[in-house]
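Pasted below: entry.txt, compact mmCIF, C-alpha atoms and all ligand atoms.
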```
# COMPACT_ATOMS: atom_id res chain seq x y z
CA MET U 1088 46.97 21.47 7.61
CA ALA U 1089 43.65 20.35 9.07
CA THR U 1090 43.92 17.39 11.44
CA ARG U 1091 41.30 14.66 11.28
CA ARG U 1092 39.38 14.04 14.49
CA ARG U 1093 40.18 10.61 15.93
CA ARG U 1094 37.16 8.35 15.78
CA LYS U 1095 35.95 6.88 19.06
CA PRO U 1096 36.45 3.08 19.13
CA PRO U 1097 33.05 1.65 18.03
CA LEU U 1098 32.61 -0.63 21.05
CA GLN U 1099 33.33 2.24 23.44
CA ASP U 1100 30.88 4.41 21.50
CA ALA U 1101 28.17 1.71 21.74
CA ILE U 1102 28.78 1.25 25.49
CA GLU U 1103 28.42 4.99 26.10
CA TYR U 1104 25.18 5.27 24.10
CA ALA U 1105 23.78 2.12 25.76
CA ALA U 1106 24.54 3.54 29.19
CA ARG U 1107 22.79 6.82 28.33
CA GLY U 1108 19.87 5.12 26.57
CA VAL U 1109 19.82 7.64 23.74
CA ASP U 1110 20.21 7.56 19.94
CA LYS U 1111 22.51 9.48 17.61
CA MET U 1112 19.88 12.14 16.93
CA ALA U 1113 22.27 14.34 14.92
CA GLU U 1114 23.33 11.47 12.68
CA LEU U 1115 20.07 9.52 12.17
CA GLU U 1116 16.48 10.27 11.33
CA VAL U 1117 13.22 8.36 11.00
CA GLU U 1118 11.27 8.74 7.77
CA TYR U 1119 8.05 7.28 6.48
CA ILE U 1120 8.88 5.23 3.37
CA ASN U 1121 5.61 3.73 2.07
CA LEU U 1122 2.58 1.69 3.11
CA PHE U 1123 4.42 -1.58 2.57
CA LYS U 1124 7.57 -0.84 4.60
CA GLY U 1125 6.21 1.78 6.97
CA ARG U 1126 8.94 3.87 8.58
CA GLY U 1127 12.67 3.39 8.34
CA VAL U 1128 15.86 4.84 9.79
CA PHE U 1129 18.14 6.90 7.56
CA ALA U 1130 21.68 8.20 7.97
CA LYS U 1131 21.96 12.00 8.16
CA ALA U 1132 25.75 11.82 8.44
CA HIS U 1133 28.54 9.60 7.18
CA PHE U 1134 29.25 6.38 9.10
CA SER U 1135 32.50 4.54 8.56
CA LYS U 1136 32.75 0.76 8.30
CA GLU U 1137 32.57 -0.79 11.80
CA ASP U 1138 31.04 2.32 13.43
CA PHE U 1139 28.38 1.87 16.07
CA VAL U 1140 25.12 3.09 14.51
CA VAL U 1141 22.16 2.45 16.81
CA GLU U 1142 21.01 0.24 19.67
CA TYR U 1143 17.94 -1.99 19.41
CA ARG U 1144 16.51 -0.75 22.70
CA GLY U 1145 13.66 -2.33 24.61
CA GLN U 1146 12.87 -4.42 27.64
CA LEU U 1147 15.22 -7.30 28.40
CA ILE U 1148 13.12 -10.36 29.26
CA ASN U 1149 13.80 -14.07 29.68
CA HIS U 1150 12.55 -16.86 27.41
CA GLU U 1151 9.56 -17.76 29.59
CA GLU U 1152 8.32 -14.19 29.66
CA SER U 1153 8.91 -13.79 25.94
CA ASP U 1154 6.83 -16.94 25.26
CA ARG U 1155 4.06 -15.63 27.47
CA ARG U 1156 4.00 -12.24 25.74
CA ARG U 1157 4.06 -13.75 22.24
CA LYS U 1158 0.81 -15.54 23.09
CA THR U 1159 -0.90 -12.34 24.16
CA TYR U 1160 0.49 -9.82 21.63
CA HIS U 1161 -1.05 -9.16 18.23
CA LYS U 1162 1.03 -10.99 15.57
CA ALA U 1163 2.15 -7.67 14.04
CA CYS U 1164 3.84 -6.75 17.33
CA THR U 1165 5.92 -9.90 17.68
CA VAL U 1166 8.24 -8.70 14.90
CA PHE U 1167 9.53 -6.20 17.47
CA MET U 1168 10.70 -9.05 19.75
CA PHE U 1169 14.34 -9.93 19.16
CA ASP U 1170 15.55 -13.27 20.54
CA PHE U 1171 19.22 -13.90 21.21
CA GLN U 1172 21.52 -16.17 23.18
CA TRP U 1173 23.34 -15.05 26.31
CA LYS U 1174 24.91 -17.19 29.01
CA GLU U 1175 23.61 -20.32 27.29
CA LYS U 1176 20.00 -19.17 27.55
CA THR U 1177 17.55 -17.52 25.21
CA TRP U 1178 16.70 -13.90 26.01
CA CYS U 1179 14.59 -11.35 24.24
CA ILE U 1180 14.61 -7.60 23.75
CA ASP U 1181 10.95 -6.66 23.65
CA ALA U 1182 10.76 -3.43 21.65
CA THR U 1183 7.01 -3.50 21.05
CA GLN U 1184 6.52 -0.23 22.95
CA GLU U 1185 6.51 2.89 20.73
CA ASP U 1186 9.10 4.69 22.85
CA GLY U 1187 10.60 6.97 20.22
CA SER U 1188 13.79 4.92 19.96
CA PHE U 1189 15.27 4.42 16.50
CA GLY U 1190 16.63 0.86 16.67
CA ARG U 1191 13.17 -0.74 16.64
CA LEU U 1192 12.39 1.03 13.36
CA VAL U 1193 15.32 -0.31 11.35
CA ASN U 1194 14.07 -2.35 8.40
CA GLU U 1195 15.50 -5.51 6.92
CA ASP U 1196 17.62 -6.05 3.84
CA HIS U 1197 18.87 -9.60 3.51
CA LYS U 1198 20.87 -8.99 0.33
CA ARG U 1199 22.61 -5.63 0.72
CA SER U 1200 22.30 -4.70 4.38
CA ASN U 1201 24.75 -2.10 5.65
CA CYS U 1202 24.69 -3.05 9.36
CA LYS U 1203 25.06 -6.12 11.51
CA MET U 1204 23.47 -6.76 14.89
CA LYS U 1205 25.94 -7.59 17.64
CA LYS U 1206 25.50 -8.27 21.31
CA ILE U 1207 27.60 -6.19 23.67
CA ILE U 1208 27.76 -6.54 27.44
CA THR U 1209 27.97 -3.50 29.66
CA GLU U 1210 27.40 -3.24 33.40
CA GLY U 1211 26.57 -6.97 33.40
CA LYS U 1212 23.71 -6.64 30.91
CA PRO U 1213 23.45 -7.50 27.21
CA HIS U 1214 22.58 -4.84 24.65
CA LEU U 1215 21.88 -5.39 20.95
CA CYS U 1216 23.68 -2.89 18.77
CA LEU U 1217 23.95 -2.29 15.04
CA PHE U 1218 27.42 -1.71 13.63
CA ALA U 1219 28.20 -0.60 10.07
CA LEU U 1220 29.29 -3.40 7.71
CA ARG U 1221 30.63 -0.79 5.28
CA ASP U 1222 30.69 2.98 4.91
CA ILE U 1223 27.17 4.44 4.99
CA GLN U 1224 26.47 7.70 3.17
CA PRO U 1225 24.04 10.41 4.30
CA GLY U 1226 20.57 9.63 2.90
CA GLU U 1227 21.09 5.84 2.93
CA GLU U 1228 18.59 3.71 4.77
CA VAL U 1229 20.07 1.79 7.70
CA THR U 1230 19.29 -1.93 7.34
CA TYR U 1231 20.31 -5.30 8.68
CA ASN U 1232 19.54 -8.93 8.02
CA TYR U 1233 16.86 -10.08 10.48
CA GLY U 1234 18.02 -13.71 10.03
CA GLY U 1235 15.69 -16.64 9.44
CA ASN U 1236 14.23 -17.18 6.01
CA ASP U 1237 10.48 -16.80 6.12
CA TRP U 1238 9.87 -13.05 6.36
CA PRO U 1239 6.87 -12.29 4.14
CA TRP U 1240 8.31 -9.18 2.46
CA ARG U 1241 11.20 -11.22 1.00
CA LYS U 1242 8.72 -12.87 -1.38
CA GLN U 1243 7.01 -9.66 -2.42
CA VAL U 1244 8.04 -7.06 -4.97
CA CYS U 1245 7.55 -3.45 -3.93
CA HIS U 1246 7.63 -0.49 -6.32
CA LYS U 1247 8.50 2.63 -4.34
C1 LIG W 1301 10.99 -3.95 13.38
S1 LIG W 1301 9.77 -3.27 12.33
C2 LIG W 1301 10.64 -2.03 11.44
C3 LIG W 1301 9.90 -0.70 11.46
C4 LIG W 1301 8.65 -0.64 10.63
N1 LIG W 1301 8.96 -0.35 9.25
C5 LIG W 1301 7.68 0.42 11.18
O1 LIG W 1301 7.37 1.40 10.50
O2 LIG W 1301 7.22 0.24 12.33
C6 LIG W 1301 9.58 -4.59 11.20
C7 LIG W 1301 8.47 -4.38 10.21
O3 LIG W 1301 8.89 -3.48 9.19
C8 LIG W 1301 8.51 -3.95 7.91
N2 LIG W 1301 9.72 -4.27 7.13
C9 LIG W 1301 10.97 -4.44 7.59
N3 LIG W 1301 11.82 -4.68 6.59
C10 LIG W 1301 11.09 -4.68 5.46
C11 LIG W 1301 11.38 -4.88 4.08
N4 LIG W 1301 12.60 -5.12 3.65
N5 LIG W 1301 10.37 -4.78 3.21
C12 LIG W 1301 9.11 -4.51 3.60
N6 LIG W 1301 8.76 -4.32 4.89
C13 LIG W 1301 9.74 -4.40 5.81
C14 LIG W 1301 7.62 -5.15 8.12
O4 LIG W 1301 6.29 -4.71 8.21
C15 LIG W 1301 8.07 -5.66 9.47
O5 LIG W 1301 7.05 -6.35 10.13
```

So that I can check it, write out the structure of this file as structure tokens.
Amino acid sequence: MATRRRRKPPLQDAIEYAARGVDKMAELEVEYINLFKGRGVFAKAHFSKEDFVVEYRGQLINHEESDRRRKTYHKACTVFMFDFQWKEKTWCIDATQEDGSFGRLVNEDHKRSNCKMKKIITEGKPHLCLFALRDIQPGEEVTYNYGGNDWPWRKQVCHK
């Protein structure tokens, strides 16, 4: 009888990928969707509920630096700046650089998202990682809820 391979604990998996600074290239791919959404990240393999999927990689900067950059960046770029709380302060992952990483290309779905962003700490530094909220099938777009309530696309209807 075939034995099922034991799944790596999701947190351990996330820590290892964060340390290596790479994405799950065999299990994810980037595809162009349409003019409205741009690109998105799609599963090439099955992910189980709670699995680590992808890290939102970028530059870790403090609140003051994030404020400074927001004033100089084009508005379209600021959507790639992810603010979060750590050690009672506001920090930001600045993923405005097109560095080939997948996390920065994950689109939003505030009604049926299949992932959730969580902060993990490894080697004394925070990392933002997406974990599966439910099983994700190959071909499904990876999405999460960006939070807030004023994203422009939530008001618009898009016909693919
Ligand atoms: C972090 S980027 C995600 C990657 C982006 N699609 C790209 O190709 O660069 C966020 C941007 O993607 C688009 N986006 C994300 N979720 C969307 C959605 N549900 N509907 C339409 N556009 C979306 C918006 O243009 C938003 O400013």

Got a sec to check which residues sit within 7 Å of (24.2, 10.2, 3.7), counting all atoms listed in the file, and write them as a PDB file with C-alpha atoms, in the frame of the given file?
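Final output, saved to out-v6.pdb:
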```pdb
ATOM      1  CA  ALA U1130      21.680   8.200   7.970  1.00  0.00           C
ATOM      2  CA  LYS U1131      21.960  12.000   8.160  1.00  0.00           C
ATOM      3  CA  ALA U1132      25.750  11.820   8.440  1.00  0.00           C
ATOM      4  CA  HIS U1133      28.540   9.600   7.180  1.00  0.00           C
ATOM      5  CA  ILE U1223      27.170   4.440   4.990  1.00  0.00           C
ATOM      6  CA  GLN U1224      26.470   7.700   3.170  1.00  0.00           C
ATOM      7  CA  PRO U1225      24.040  10.410   4.300  1.00  0.00           C
ATOM      8  CA  GLY U1226      20.570   9.630   2.900  1.00  0.00           C
ATOM      9  CA  GLU U1227      21.090   5.840   2.930  1.00  0.00           C
TER      10      GLU U1227
END
```

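Taking all atoms listed in the file into account, Gly1211 in chain U lies nearest to U:Trp1173 out of the set U:Arg1144, U:His1150, U:Val1128, U:Trp1173.
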
For this session: Could you give me, as a list in words, every polymer residue with an atom at most 7 Å away from an atom of ligand LIG 1301 (chain W), counting only C-alpha atoms and all ligand atoms?
Result: Phe1123, Lys1124, Gly1125, Arg1126, Gly1127, Ala1163, Val1166, Phe1167, Arg1191, Leu1192, Val1193, Asn1194, Glu1195, Asp1196, Trp1240 and Arg1241 of chain U

Selection export as a short mmCIF file (atom, residue, chain, number, x, y, z; two decimals), keeping the file's coordinate frame, atoms kept: C-alpha atoms:
```
data_model
loop_
_atom_site.label_atom_id
_atom_site.label_comp_id
_atom_site.auth_asym_id
_atom_site.auth_seq_id
_atom_site.Cartn_x
_atom_site.Cartn_y
_atom_site.Cartn_z
CA PHE U 1123 4.42 -1.58 2.57
CA LYS U 1124 7.57 -0.84 4.60
CA GLY U 1125 6.21 1.78 6.97
CA ARG U 1126 8.94 3.87 8.58
CA GLY U 1127 12.67 3.39 8.34
CA ALA U 1163 2.15 -7.67 14.04
CA VAL U 1166 8.24 -8.70 14.90
CA PHE U 1167 9.53 -6.20 17.47
CA ARG U 1191 13.17 -0.74 16.64
CA LEU U 1192 12.39 1.03 13.36
CA VAL U 1193 15.32 -0.31 11.35
CA ASN U 1194 14.07 -2.35 8.40
CA GLU U 1195 15.50 -5.51 6.92
CA ASP U 1196 17.62 -6.05 3.84
CA TRP U 1240 8.31 -9.18 2.46
CA ARG U 1241 11.20 -11.22 1.00
#
```

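With all atoms listed in the file as the atoms that count, the residue of U:Asp1138, U:Asp1186, U:Asp1110, U:Asp1181 with the shortest distance to Lys1205 in chain U is U:Asp1138.
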
Exercise. Of the candidates U:Glu1210, U:Glu1142, U:Asp1154, U:Glu1137, which one gets nearest to Lys1095 in chain U if we count only C-alpha atoms?
Worked result: U:Glu1137

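Between CA of Asp1170 in chain U and CA of Ser1153 in chain U lies a distance of 8.6 Å.
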
For this session: Find the distance between CA of Gly1187 in chain U and CA of Val1117 in chain U and write it in Å to one decimal.
Result: 9.7 Å

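Residue nearest His1197 in chain U, chosen from U:Glu1151, U:Asp1100, U:Asp1237, U:Glu1116 and counting all atoms listed in the file: U:Asp1237.
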
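When CA of Trp1238 in chain U is paired with CA of Phe1129 in chain U, their separation reads 21.6 Å.
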
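Minimum distance to Glu1118 in chain U across U:Thr1183, U:Ile1208, U:Phe1218, U:Glu1228 (counting all atoms listed in the file) occurs at U:Glu1228.
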